[in-house]
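Presented below is the structure to which this report refers.
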Amino acid sequence: MSPTRVRKSAGQVALVGAGTGDPGLLAVRATELLRSADLVLADIRCGEALLTLAGPDAEIVTTAPGELQGAALVAAAKDGRNVVRLLPGDPFWTDEGAKEAEAVLRGKQRLEVVPGLPHAVAVPAYAGVAVGQPRTVARVSDGMDWRALAAAPGTLVLLCTAGDVAKAAASLVEHGRKGETPMSVTVGGTTSQQHTVVTTLTAADGDVSALEGDVVVVVGDPVKKTEKLSWFESRPLYGWTVLVPRTRDQAGALSAQLRGYGAVPVEVPTIAVEPPRTPAPMDRAVKGIGDGRYMWVAFTSTNAVKAVREKLEESGLDARIFSGVKVAAVGDATAQALVDFGIRPDLVPSGEQSSEGLLKDWAPFDESFDPIDRVFLPRADIATDTLLAGLKDLGWAVDDVTAYRTVRAAPPPAETREALKGGGFDAVLFTSSSTVRNLVGIAGKPHETTVLACIGPQTKATAEELGLRVDVLSPKPDVATLVEALAEFAAERRAAGEAPPSAARKKKAARK
């Protein structure tokens with residue numbers, strides 16, 4: 001009897017348009033395919049940012065521009081793999097994508113095509129140029145029919161290198177376009193390095209001489225409204241590089257908010273979170289939640305929520321153990337961490353989000369209403385005693401337990417330390433006193449031109465004790481308000497005509 005042949009599962013190939021390389025501009029379907037891909041073949045022009053969207057087990061291979069991958073795509077699909085072929089812009093913008101699609105179909109493999117935003121569409125929109133219709137889009141190359149382009153109705157959108165701009169402008173004028181026709185040239189479109197120069201066909205040679213790399217050029221009347229419609233490069237923190245001294249798992253939301261204001265965040269962990277040296281007290285306290293030992297569990301940080309959650313999961317338990325126990329959270333971020341765990345907190349400060357704010361809303365122990373007088377307080381080894389003392393003053397017995405230790409993180413790379421001390425960062429956000437001490441300890445003091453923003457008075461006091469000048473103090477002790485305060489500070493500087501600190505410092509050094 002012949003052995004049974006095991007049939008391989010069917011694979012498939014998806015040609016995915018990477019657009020401009022900004023993950024935020026990808027189609028939803030593109031992100032789904034990247035997450036589930038076994039193999040990603042990425043044209044190197046797509047950049048590295050999109051590759052972070054691939055699943056942890058995906059094999060990632062970068063390919064040279066114009067290098068056809070039809071045979072590799074067919075072979076991988078026949079092997080039962082789900083393959084994503086990443087191409088810049090839209091997959092069918094050039095012949096490359098069409099040829100690879102033909103190869104996949106000839107190989108009788110399943111094919112899916114996910115469009116991407118072409119540079120000719122996305123970049124003008126980010127530059128504030130409402131191209132409109134009619135429009136003519138062309139990639140500048142040898143043998144261009146400049147006469148036909150110059151005579152084309154409506155707006156021209158040209159894709160080329162910065163070195164070709166002056167020649168293209170001169171050719172358009174030579175073949176009939178008026179020299180005073182407005183023209184925009186954008187380099188680094190849709191990225192944090194985007195820069196747009198507005199000029200005319202005759203002035204382009206001098207105005208764009210400093211630009212390098214691939215550019216998108218728009219020629220026509222819509223360029224006249226660029227200054228009014230510029231939304232991307234006019235954001236308050238545009239051009240600012242901001243150091244974020246947070247643990248890696250905490251920096252994500254803060255960095256995303258900074259990007260929304262136009263900044264380039266650089267995450268430098270100054271604190272590492274480690275388990276307590278002696279786990280027994282946490283073991284007893286977590287067991288006590290289920291045994292009915294506590295009336296309340298008070299969480300003062302997302303790290304405390306994480307520590308308790310991990311301890312429960314180690315024992316095969318989940319959020320249901322909190323049934324019948326009241327839960328307090330020091331602020332919205334901690335409350336959200338609890339909600340993500342399946343627990344809706346009973347108490348969050350109605351005013352200031354701090355230990356003091358929580359105490360203002362916390363009722364005193366009343367033996368007539370409270371059957372149990374004990375509170376479980378899981379927190380950091382270096383936490384202040386404000387909440388502990390306040391709860392005791394309200395008549396509560398408190399099990400103050402070290403849920404995690406905060407230790408100084410390893411020093412960042414040498415280039416980061418040099419940038420901090422040399423003025424390479426425009427701002428630093430300090431979210432606690434420990435981030436101030438630890439950053440100075442592992443990387444040194446920020447340059448005197450760097451803007452320092454602190455989350456609260458205590459953090460500000462610590463910075464000043466170390467000889468640092470604080471420029472921005474958040475009106476509320478939470479990171480979202482801190483970022484907003486920095487953005488308002490930057491907007492005031494921009495309105496006054498001041499460049500980001502690092503750019504101003506470089507300009508001053510160049511004059512010397």
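Chain labels run A, B, ... following the order of the structure tokens; each chain numbers its residues from 1, and ligands are numbered from 1 in the order shown.
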Distance query A:Thr416 at most 10 Å, only C-alpha atoms, self and fewer than 4 positions along chain excluded, as a ChimeraX atom specification:
/A:243,266,268,411-412,420-422,424-425,443
Give me the residues within 10 Å of A:Pro65 as number ranges by chain, counting only C-alpha atoms and dropping any in the same chain fewer than 2 places off.
A: 42-46, 62-63, 67-68, 87-88, 96
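Those residues that approach stretch 454-462 of chain A to within 9 Å, counting only C-alpha atoms, are A:Val428, A:Leu429, A:Phe430, A:Thr431, A:Ser432, A:Ser433, A:Ser434, A:Thr435, A:Val436, A:Arg437, A:Glu465, A:Leu466, A:Gly467, A:Leu468, A:Arg469, A:Val470, A:Asp471, A:Val472, A:Leu473, A:Ser474, A:Pro475, A:Lys476, A:Pro477, A:Asp478, A:Val479, A:Thr481, A:Leu482; same-chain residues fewer than 3 positions away are not listed.
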Got time to write the residues from that selection, C-alpha atoms, as a short mmCIF file (atom, residue, chain, number, x, y, z; two decimals), in the first residue's frame?
```
data_model
loop_
_atom_site.label_atom_id
_atom_site.label_comp_id
_atom_site.auth_asym_id
_atom_site.auth_seq_id
_atom_site.Cartn_x
_atom_site.Cartn_y
_atom_site.Cartn_z
CA VAL A 428 13.06 66.54 26.62
CA LEU A 429 9.89 65.43 28.39
CA PHE A 430 10.31 64.55 32.05
CA THR A 431 7.42 62.48 33.41
CA SER A 432 8.73 61.89 36.94
CA SER A 433 11.56 62.87 39.25
CA SER A 434 13.21 59.52 38.64
CA THR A 435 13.33 60.12 34.88
CA VAL A 436 15.20 63.37 35.55
CA ARG A 437 17.76 61.77 37.85
CA GLU A 465 18.02 70.79 42.02
CA LEU A 466 20.23 69.27 39.33
CA GLY A 467 20.85 72.68 37.79
CA LEU A 468 18.43 72.35 34.86
CA ARG A 469 16.23 75.14 33.53
CA VAL A 470 12.59 74.14 33.16
CA ASP A 471 10.74 75.87 30.30
CA VAL A 472 7.36 74.11 30.36
CA LEU A 473 5.31 72.91 33.34
CA SER A 474 2.23 70.84 32.63
CA PRO A 475 -0.93 72.34 34.21
CA LYS A 476 -2.11 68.78 34.97
CA PRO A 477 0.07 65.83 36.00
CA ASP A 478 -0.59 63.57 33.03
CA VAL A 479 1.43 62.91 29.90
CA THR A 481 -1.48 67.43 29.03
CA LEU A 482 2.32 67.62 29.17
#
```
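Nearest to A:Gly97 of all the residues A:Ala14, A:Gly24, A:Val83, A:Ala72 is A:Ala14, based on only C-alpha atoms.
Interatomic distance, atom CA of A:Thr199 to atom CA of A:Gly128: 14.3 Å.
The space separating atom CA of A:Ala487 from atom CA of A:Ala256 comes to 13.5 Å.
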Got a sec to tell me which of stretch 298-496 of chain A DSSP assigns to helix (DSSP H, G or I), as a count of residues only?
87
Test item: residues at most 8 Å from A:Pro345, only C-alpha atoms, excluding those fewer than 3 positions along its chain, as a count of residues only:
8
Return the single residue from A:Val217, A:Ala403, A:Ala496, A:Val121 that is closest to A:Trp93, with distances computed using only C-alpha atoms.
A:Val121
Any idea what's packed within 9 Å of A:Pro153, counting only C-alpha atoms, ignoring anything in its chain fewer than 3 positions away? Could you give it as an MDAnalysis selection string?
chainID A and resid 134:136 149:150 156
Write a file of the just-selected residues containing N, CA and C atoms, as a tab-separated table (two decimals), in the first residue's frame.
```
chain	number	residue	atom	x	y	z
A	134	PRO	N	-8.12	69.45	-14.34
A	134	PRO	CA	-7.35	68.30	-14.85
A	134	PRO	C	-5.91	68.34	-14.34
A	135	ARG	N	-5.29	67.19	-14.34
A	135	ARG	CA	-3.90	67.08	-13.92
A	135	ARG	C	-3.17	66.10	-14.84
A	136	THR	N	-1.90	66.32	-14.99
A	136	THR	CA	-1.06	65.41	-15.75
A	136	THR	C	0.10	64.99	-14.86
A	149	LEU	N	4.09	68.12	-22.53
A	149	LEU	CA	3.86	68.42	-21.12
A	149	LEU	C	3.55	69.89	-20.90
A	150	ALA	N	4.30	70.75	-21.57
A	150	ALA	CA	4.09	72.19	-21.41
A	150	ALA	C	2.71	72.60	-21.90
A	156	LEU	N	0.50	70.23	-13.57
A	156	LEU	CA	1.49	69.18	-13.80
A	156	LEU	C	2.01	68.67	-12.46
```
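Neighbours of A:Thr200 closer than or equal to 6 Å, with only C-alpha atoms counted and sequence neighbours fewer than 3 positions away skipped, come out as Glu180, Thr181, Pro182, Met183, Ala203 and Ala204 of chain A.
The spacing separating atom CA of A:Val131 from atom CA of A:Ala491 amounts to 28.0 Å.
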So that I can see what lies close to A:Ala285, please list as a VMD selection string the residues with an atom at most 8 Å from it, counting only C-alpha atoms and leaving out residues fewer than 5 positions away in the same chain.
chain A and resid 376 399 401
Would you export the selected residues with N, CA and C atoms as a PDB file, in the first residue's frame, please?
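As a result, out_39.pdb now contains:
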```pdb
ATOM      1  N   PHE A 376      -5.343  46.988  49.895  1.00  0.00           N
ATOM      2  CA  PHE A 376      -4.117  46.459  49.286  1.00  0.00           C
ATOM      3  C   PHE A 376      -3.547  47.535  48.371  1.00  0.00           C
ATOM      4  N   ASP A 399      -2.097  47.330  53.490  1.00  0.00           N
ATOM      5  CA  ASP A 399      -1.014  46.404  53.172  1.00  0.00           C
ATOM      6  C   ASP A 399      -0.199  47.037  52.051  1.00  0.00           C
ATOM      7  N   VAL A 401       2.615  46.980  49.688  1.00  0.00           N
ATOM      8  CA  VAL A 401       3.409  45.884  49.136  1.00  0.00           C
ATOM      9  C   VAL A 401       4.189  46.351  47.910  1.00  0.00           C
TER      10      VAL A 401
END
```
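When only C-alpha atoms are used to compute distances to A:Glu448, the closest of the residues A:Ser230, A:Gln336, A:Ser502, A:Thr278 turns out to be A:Ser502.
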